[in-house]
$ cat query06.cif   # mmCIF, C-alpha atoms
data_upload
#
loop_
_atom_site.group_PDB
_atom_site.id
_atom_site.type_symbol
_atom_site.label_atom_id
_atom_site.label_comp_id
_atom_site.auth_asym_id
_atom_site.auth_seq_id
_atom_site.Cartn_x
_atom_site.Cartn_y
_atom_site.Cartn_z
ATOM 1 C CA MET A 82 0.000 0.000 0.000
ATOM 2 C CA ALA A 83 1.441 3.343 -1.086
ATOM 3 C CA LYS A 84 1.151 6.385 1.108
ATOM 4 C CA LYS A 85 -0.481 9.448 -0.346
ATOM 5 C CA SER A 86 1.137 12.865 0.162
ATOM 6 C CA SER A 87 -0.866 15.468 1.977
ATOM 7 C CA THR A 88 0.001 18.299 -0.474
ATOM 8 C CA PRO A 89 -2.261 18.581 -3.469
ATOM 9 C CA GLU A 90 -0.715 18.685 -6.892
ATOM 10 C CA PRO A 91 -0.732 22.127 -8.530
ATOM 11 C CA VAL A 92 -3.253 22.672 -11.252
ATOM 12 C CA ILE A 93 -1.841 24.416 -14.297
ATOM 13 C CA GLU A 94 -4.308 26.594 -16.089
ATOM 14 C CA THR A 95 -3.740 27.278 -19.745
ATOM 15 C CA PRO A 96 -5.463 30.290 -21.184
ATOM 16 C CA GLU A 97 -7.766 29.428 -23.979
ATOM 17 C CA GLU A 98 -7.099 32.697 -25.811
ATOM 18 C CA PRO A 99 -3.667 34.318 -25.626
ATOM 19 C CA VAL A 100 -3.664 37.992 -24.599
ATOM 20 C CA VAL A 101 -2.683 40.212 -27.483
ATOM 21 C CA GLY A 102 -1.587 43.824 -26.952
ATOM 22 C CA LYS A 103 -1.677 45.720 -23.710
ATOM 23 C CA GLY A 104 -5.064 44.547 -22.497
ATOM 24 C CA HIS A 105 -6.925 47.855 -22.709
ATOM 25 C CA ALA A 106 -7.949 50.388 -25.278
ATOM 26 C CA THR A 107 -5.728 53.337 -26.196
ATOM 27 C CA PRO A 108 -7.052 56.492 -24.553
ATOM 28 C CA THR A 109 -8.345 59.179 -26.828
ATOM 29 C CA ARG A 110 -6.639 62.518 -27.165
ATOM 30 C CA LYS A 111 -9.456 64.189 -25.238
ATOM 31 C CA GLU A 112 -9.009 61.754 -22.320
ATOM 32 C CA ARG A 113 -5.206 62.288 -22.213
ATOM 33 C CA GLU A 114 -5.557 66.076 -22.282
ATOM 34 C CA ALA A 115 -8.143 65.952 -19.510
ATOM 35 C CA ALA A 116 -5.816 63.787 -17.371
ATOM 36 C CA ASN A 117 -2.914 66.214 -17.859
ATOM 37 C CA GLN A 118 -4.884 69.359 -17.130
ATOM 38 C CA ARG A 119 -3.797 71.341 -14.089
ATOM 39 C CA PRO A 120 -4.999 74.789 -13.174
ATOM 40 C CA LEU A 121 -2.630 77.640 -13.987
ATOM 41 C CA VAL A 122 -3.576 79.369 -10.771
ATOM 42 C CA PRO A 123 -4.110 77.239 -7.662
ATOM 43 C CA THR A 124 -7.507 77.341 -6.042
ATOM 44 C CA ASP A 125 -6.063 78.403 -2.669
ATOM 45 C CA ARG A 126 -3.504 81.054 -3.583
ATOM 46 C CA LYS A 127 -2.529 81.857 0.005
ATOM 47 C CA LEU A 128 -1.715 78.240 0.762
ATOM 48 C CA ALA A 129 0.198 77.816 -2.506
ATOM 49 C CA SER A 130 2.184 80.983 -1.818
ATOM 50 C CA LYS A 131 2.983 79.828 1.703
ATOM 51 C CA GLU A 132 4.145 76.425 0.441
ATOM 52 C CA ALA A 133 6.306 78.038 -2.255
ATOM 53 C CA ARG A 134 7.948 80.354 0.314
ATOM 54 C CA ALA A 135 8.617 77.438 2.655
ATOM 55 C CA LYS A 136 10.150 75.417 -0.184
ATOM 56 C CA MET A 137 12.380 78.317 -1.241
ATOM 57 C CA GLN A 138 13.465 78.897 2.369
ATOM 58 C CA VAL A 139 14.533 75.261 2.692
ATOM 59 C CA GLN A 140 16.536 75.544 -0.542
ATOM 60 C CA ARG A 141 18.191 78.804 0.595
ATOM 61 C CA ASP A 142 19.078 77.292 3.978
ATOM 62 C CA ARG A 143 20.602 74.250 2.306
ATOM 63 C CA ALA A 144 22.611 76.469 -0.061
ATOM 64 C CA ARG A 145 23.821 78.673 2.815
ATOM 65 C CA VAL A 146 24.979 75.682 4.860
ATOM 66 C CA GLY A 147 26.561 74.094 1.788
ATOM 67 C CA MET A 148 28.450 77.271 0.981
ATOM 68 C CA ALA A 149 29.646 77.687 4.555
ATOM 69 C CA ASN A 150 30.913 74.095 4.526
ATOM 70 C CA GLY A 151 32.703 74.604 1.218
ATOM 71 C CA GLU A 152 30.612 72.202 -0.883
ATOM 72 C CA GLU A 153 31.612 72.829 -4.488
ATOM 73 C CA LYS A 154 28.004 72.699 -5.701
ATOM 74 C CA TYR A 155 26.950 75.703 -3.614
ATOM 75 C CA LEU A 156 30.034 77.910 -3.980
ATOM 76 C CA PRO A 157 29.906 81.072 -6.060
ATOM 77 C CA MET A 158 32.050 81.131 -9.214
ATOM 78 C CA ARG A 159 34.870 83.083 -7.539
ATOM 79 C CA ASP A 160 35.400 80.259 -4.988
ATOM 80 C CA LYS A 161 35.099 77.187 -7.236
ATOM 81 C CA GLY A 162 37.985 74.973 -8.239
ATOM 82 C CA VAL A 163 40.847 73.024 -6.728
ATOM 83 C CA GLN A 164 43.282 75.936 -6.947
ATOM 84 C CA ARG A 165 40.937 78.205 -5.001
ATOM 85 C CA ARG A 166 40.402 75.468 -2.410
ATOM 86 C CA TYR A 167 44.162 75.117 -2.034
ATOM 87 C CA ILE A 168 44.481 78.895 -1.551
ATOM 88 C CA ARG A 169 41.696 78.938 1.045
ATOM 89 C CA ASP A 170 43.319 76.131 2.993
ATOM 90 C CA TYR A 171 46.752 77.747 2.799
ATOM 91 C CA VAL A 172 45.524 81.190 3.908
ATOM 92 C CA ASP A 173 43.390 79.690 6.703
ATOM 93 C CA ALA A 174 46.332 77.664 8.017
ATOM 94 C CA ARG A 175 48.520 80.762 8.154
ATOM 95 C CA PHE A 176 48.665 83.573 10.712
ATOM 96 C CA ASN A 177 47.835 86.768 8.743
ATOM 97 C CA LEU A 178 48.464 90.334 9.915
ATOM 98 C CA GLY A 179 45.589 91.518 7.722
ATOM 99 C CA GLU A 180 43.084 89.930 10.101
ATOM 100 C CA PHE A 181 43.885 92.663 12.617
ATOM 101 C CA LEU A 182 43.652 95.603 10.210
ATOM 102 C CA ILE A 183 39.994 96.436 10.902
ATOM 103 C CA PRO A 184 40.331 96.225 14.712
ATOM 104 C CA ALA A 185 43.474 98.386 14.488
ATOM 105 C CA MET A 186 41.589 101.004 12.487
ATOM 106 C CA PHE A 187 38.774 100.983 15.026
ATOM 107 C CA VAL A 188 41.303 101.609 17.821
ATOM 108 C CA VAL A 189 42.849 104.416 15.757
ATOM 109 C CA ILE A 190 39.446 106.068 15.343
ATOM 110 C CA LEU A 191 38.892 105.942 19.096
ATOM 111 C CA LEU A 192 42.377 107.297 19.854
ATOM 112 C CA THR A 193 42.002 110.185 17.413
ATOM 113 C CA LEU A 194 39.229 111.445 19.674
ATOM 114 C CA VAL A 195 41.884 112.206 22.307
ATOM 115 C CA PRO A 196 42.376 115.993 22.194
ATOM 116 C CA ALA A 197 46.216 115.840 22.350
ATOM 117 C CA PRO A 198 47.725 116.356 18.868
ATOM 118 C CA GLU A 199 50.855 114.383 19.832
ATOM 119 C CA VAL A 200 48.753 111.303 20.575
ATOM 120 C CA GLN A 201 46.826 111.678 17.324
ATOM 121 C CA ALA A 202 50.008 112.052 15.277
ATOM 122 C CA GLY A 203 51.610 109.035 16.984
ATOM 123 C CA VAL A 204 48.498 106.926 16.421
ATOM 124 C CA MET A 205 48.343 107.847 12.735
ATOM 125 C CA LEU A 206 52.044 107.096 12.322
ATOM 126 C CA GLY A 207 51.513 103.732 14.018
ATOM 127 C CA LEU A 208 48.578 103.010 11.686
ATOM 128 C CA TYR A 209 50.677 103.784 8.612
ATOM 129 C CA ALA A 210 53.428 101.499 9.879
ATOM 130 C CA PHE A 211 50.900 98.722 10.498
ATOM 131 C CA VAL A 212 49.419 99.153 7.000
ATOM 132 C CA VAL A 213 52.916 98.854 5.506
ATOM 133 C CA LEU A 214 53.443 95.633 7.497
ATOM 134 C CA VAL A 215 50.108 94.246 6.276
ATOM 135 C CA ILE A 216 50.992 95.052 2.657
ATOM 136 C CA ALA A 217 54.399 93.384 3.071
ATOM 137 C CA ASP A 218 52.700 90.343 4.616
ATOM 138 C CA CYS A 219 50.272 90.114 1.675
ATOM 139 C CA VAL A 220 53.085 90.450 -0.877
ATOM 140 C CA PHE A 221 55.040 87.693 0.889
ATOM 141 C CA LEU A 222 51.876 85.543 0.998
ATOM 142 C CA GLY A 223 51.291 86.018 -2.741
ATOM 143 C CA TRP A 224 54.914 85.272 -3.617
ATOM 144 C CA ARG A 225 55.068 82.127 -1.483
ATOM 145 C CA LEU A 226 51.631 80.884 -2.526
ATOM 146 C CA MET A 227 52.305 81.329 -6.242
ATOM 147 C CA ARG A 228 55.524 79.320 -5.893
ATOM 148 C CA LYS A 229 53.616 76.485 -4.191
ATOM 149 C CA LEU A 230 50.820 76.628 -6.785
ATOM 150 C CA ARG A 231 53.338 76.399 -9.649
ATOM 151 C CA GLU A 232 54.887 73.323 -8.030
ATOM 152 C CA LYS A 233 51.546 71.642 -7.443
ATOM 153 C CA PHE A 234 49.520 72.545 -10.555
ATOM 154 C CA GLY A 235 52.137 73.654 -13.090
ATOM 155 C CA ALA A 236 52.977 77.194 -14.201
ATOM 156 C CA ASP A 237 50.892 77.017 -17.373
ATOM 157 C CA LYS A 238 47.739 75.744 -15.621
ATOM 158 C CA LEU A 239 47.299 78.559 -13.083
ATOM 159 C CA GLU A 240 44.102 80.600 -13.130
ATOM 160 C CA ARG A 241 44.057 84.374 -13.136
ATOM 161 C CA GLY A 242 43.540 86.436 -9.996
ATOM 162 C CA LEU A 243 44.859 83.928 -7.485
ATOM 163 C CA ARG A 244 47.064 86.434 -5.628
ATOM 164 C CA TRP A 245 44.181 88.866 -5.277
ATOM 165 C CA TYR A 246 41.910 86.059 -4.038
ATOM 166 C CA ALA A 247 44.483 85.058 -1.399
ATOM 167 C CA THR A 248 45.007 88.682 -0.321
ATOM 168 C CA MET A 249 41.281 89.377 0.091
ATOM 169 C CA ARG A 250 40.849 86.212 2.140
ATOM 170 C CA ALA A 251 43.869 87.089 4.300
ATOM 171 C CA LEU A 252 42.409 90.529 5.103
ATOM 172 C CA GLN A 253 39.151 89.102 6.519
ATOM 173 C CA PHE A 254 38.443 88.014 10.072
ATOM 174 C CA ARG A 255 38.937 84.273 10.268
ATOM 175 C CA ARG A 256 35.473 83.724 11.755
ATOM 176 C CA LEU A 257 33.725 85.771 9.057
ATOM 177 C CA ARG A 258 35.315 84.079 6.046
ATOM 178 C CA LEU A 259 33.041 82.293 3.614
ATOM 179 C CA PRO A 260 33.423 79.455 2.925
ATOM 180 C CA LYS A 261 34.385 78.802 6.516
ATOM 181 C CA PRO A 262 37.945 77.628 7.211
ATOM 182 C CA GLN A 263 38.230 73.855 6.805
ATOM 183 C CA VAL A 264 41.689 73.577 8.385
ATOM 184 C CA LYS A 265 43.212 74.614 11.702
ATOM 185 C CA ARG A 266 46.089 77.034 11.963
ATOM 186 C CA GLY A 267 49.350 75.358 11.045
ATOM 187 C CA GLN A 268 47.588 72.628 9.022
ATOM 188 C CA TYR A 269 48.981 73.577 5.599
ATOM 189 C CA PRO A 270 47.683 71.725 2.500
ATOM 190 C CA GLN A 271 49.958 69.235 0.748
#

$ encode --input "query06.cif" --output "structure tokens"
Amino acid sequence: MAKKSSTPEPVIETPEEPVVGKGHATPTRKEREAANQRPLVPTDRKLASKEARAKMQVQRDRARVGMANGEEKYLPMRDKGVQRRYIRDYVDARFNLGEFLIPAMFVVILLTLVPAPEVQAGVMLGLYAFVVLVIADCVFLGWRLMRKLREKFGADKLERGLRWYATMRALQFRRLRLPKPQVKRGQYPQ
């Protein structure tokens, strides 16, 4: 006596007529146009305006954070490229006298309020000396940076305006620079 299995055998159904085509009628032009119709002006304009403002705010916030973090996608044209990134990292790693130019000028303005002409003359002379030091520091920065850029990227591949870009970055407060510094002081790029 043979034992029967408890699982039933699968029944295979064969269609009597094979399906031809896609199985439904092609929609008419009128039906397709009706399905694609959207109003030019939303029914609730206040809500649509509010949603559009919220969407734009999210995009602006993302772009602001991306720019601050130095993401290439969000940088303005003046900051894009590997050479500019190298300059930013080099300037941010360096101690720059130009960072103290604005605070020095503020102190000079306050000290010129002192009624003694000797003090005012001494302060102005000190400011001129400091400006000369800042200019010398920027010239040295440009000279040294261009030498490093030629070694790294080649003399014929350098972009225009790199010295000016480095100088303008060196004259800004470190905390106010955009894109924000990605390296610590002393951490020069390779």

$ atom_distance --input "query06.cif" --atom1 "CA of Ala115 in chain A" --atom2 "CA of Arg134 in chain A"
29.3 Å

$ resolve_selection --input "query06.cif" --expression "the PyMOL selection byres ((chain A and resi 259) around 10)" --output "list of chain:residue names"
A:Arg145, A:Met148, A:Ala149, A:Asn150, A:Gly151, A:Leu156, A:Asp160, A:Arg169, A:Arg250, A:Gln253, A:Arg255, A:Arg256, A:Leu257, A:Arg258, A:Pro260, A:Lys261, A:Pro262

$ resolve_selection --input "query06.cif" --expression "the PyMOL selection byres ((chain A and resi 249) around 12)" --output "NGL selection string"
:A and (159-160 or 168-169 or 172-173 or 177 or 179-180 or 215-216 or 219-220 or 222-223 or 242-248 or 250-255 or 258-259)

$ atom_distance --input "query06.cif" --atom1 "CA of Tyr167 in chain A" --atom2 "CA of Val146 in chain A"
20.4 Å

$ resolve_selection --input "query06.cif" --expression "the PyMOL selection byres ((chain A and resi 204) around 12)" --output "PyMOL selection string"
chain A and resi 185-195+197-203+205-211

$ write_last_selection --input "query06.cif" --atoms "C-alpha atoms" --output "short mmCIF file (atom, residue, chain, number, x, y, z; two decimals), keeping the file's coordinate frame"
data_model
loop_
_atom_site.label_atom_id
_atom_site.label_comp_id
_atom_site.auth_asym_id
_atom_site.auth_seq_id
_atom_site.Cartn_x
_atom_site.Cartn_y
_atom_site.Cartn_z
CA ALA A 185 43.47 98.39 14.49
CA MET A 186 41.59 101.00 12.49
CA PHE A 187 38.77 100.98 15.03
CA VAL A 188 41.30 101.61 17.82
CA VAL A 189 42.85 104.42 15.76
CA ILE A 190 39.45 106.07 15.34
CA LEU A 191 38.89 105.94 19.10
CA LEU A 192 42.38 107.30 19.85
CA THR A 193 42.00 110.18 17.41
CA LEU A 194 39.23 111.44 19.67
CA VAL A 195 41.88 112.21 22.31
CA ALA A 197 46.22 115.84 22.35
CA PRO A 198 47.72 116.36 18.87
CA GLU A 199 50.86 114.38 19.83
CA VAL A 200 48.75 111.30 20.58
CA GLN A 201 46.83 111.68 17.32
CA ALA A 202 50.01 112.05 15.28
CA GLY A 203 51.61 109.04 16.98
CA MET A 205 48.34 107.85 12.74
CA LEU A 206 52.04 107.10 12.32
CA GLY A 207 51.51 103.73 14.02
CA LEU A 208 48.58 103.01 11.69
CA TYR A 209 50.68 103.78 8.61
CA ALA A 210 53.43 101.50 9.88
CA PHE A 211 50.90 98.72 10.50
#

$ closest_residue --input "query06.cif" --among "A:Val264, A:Leu230, A:Ala217, A:Met137" --to "Gln164 in chain A" --atoms "all atoms listed in the file"
A:Leu230

$ atom_distance --input "query06.cif" --atom1 "CA of Glu152 in chain A" --atom2 "CA of Glu132 in chain A"
26.8 Å
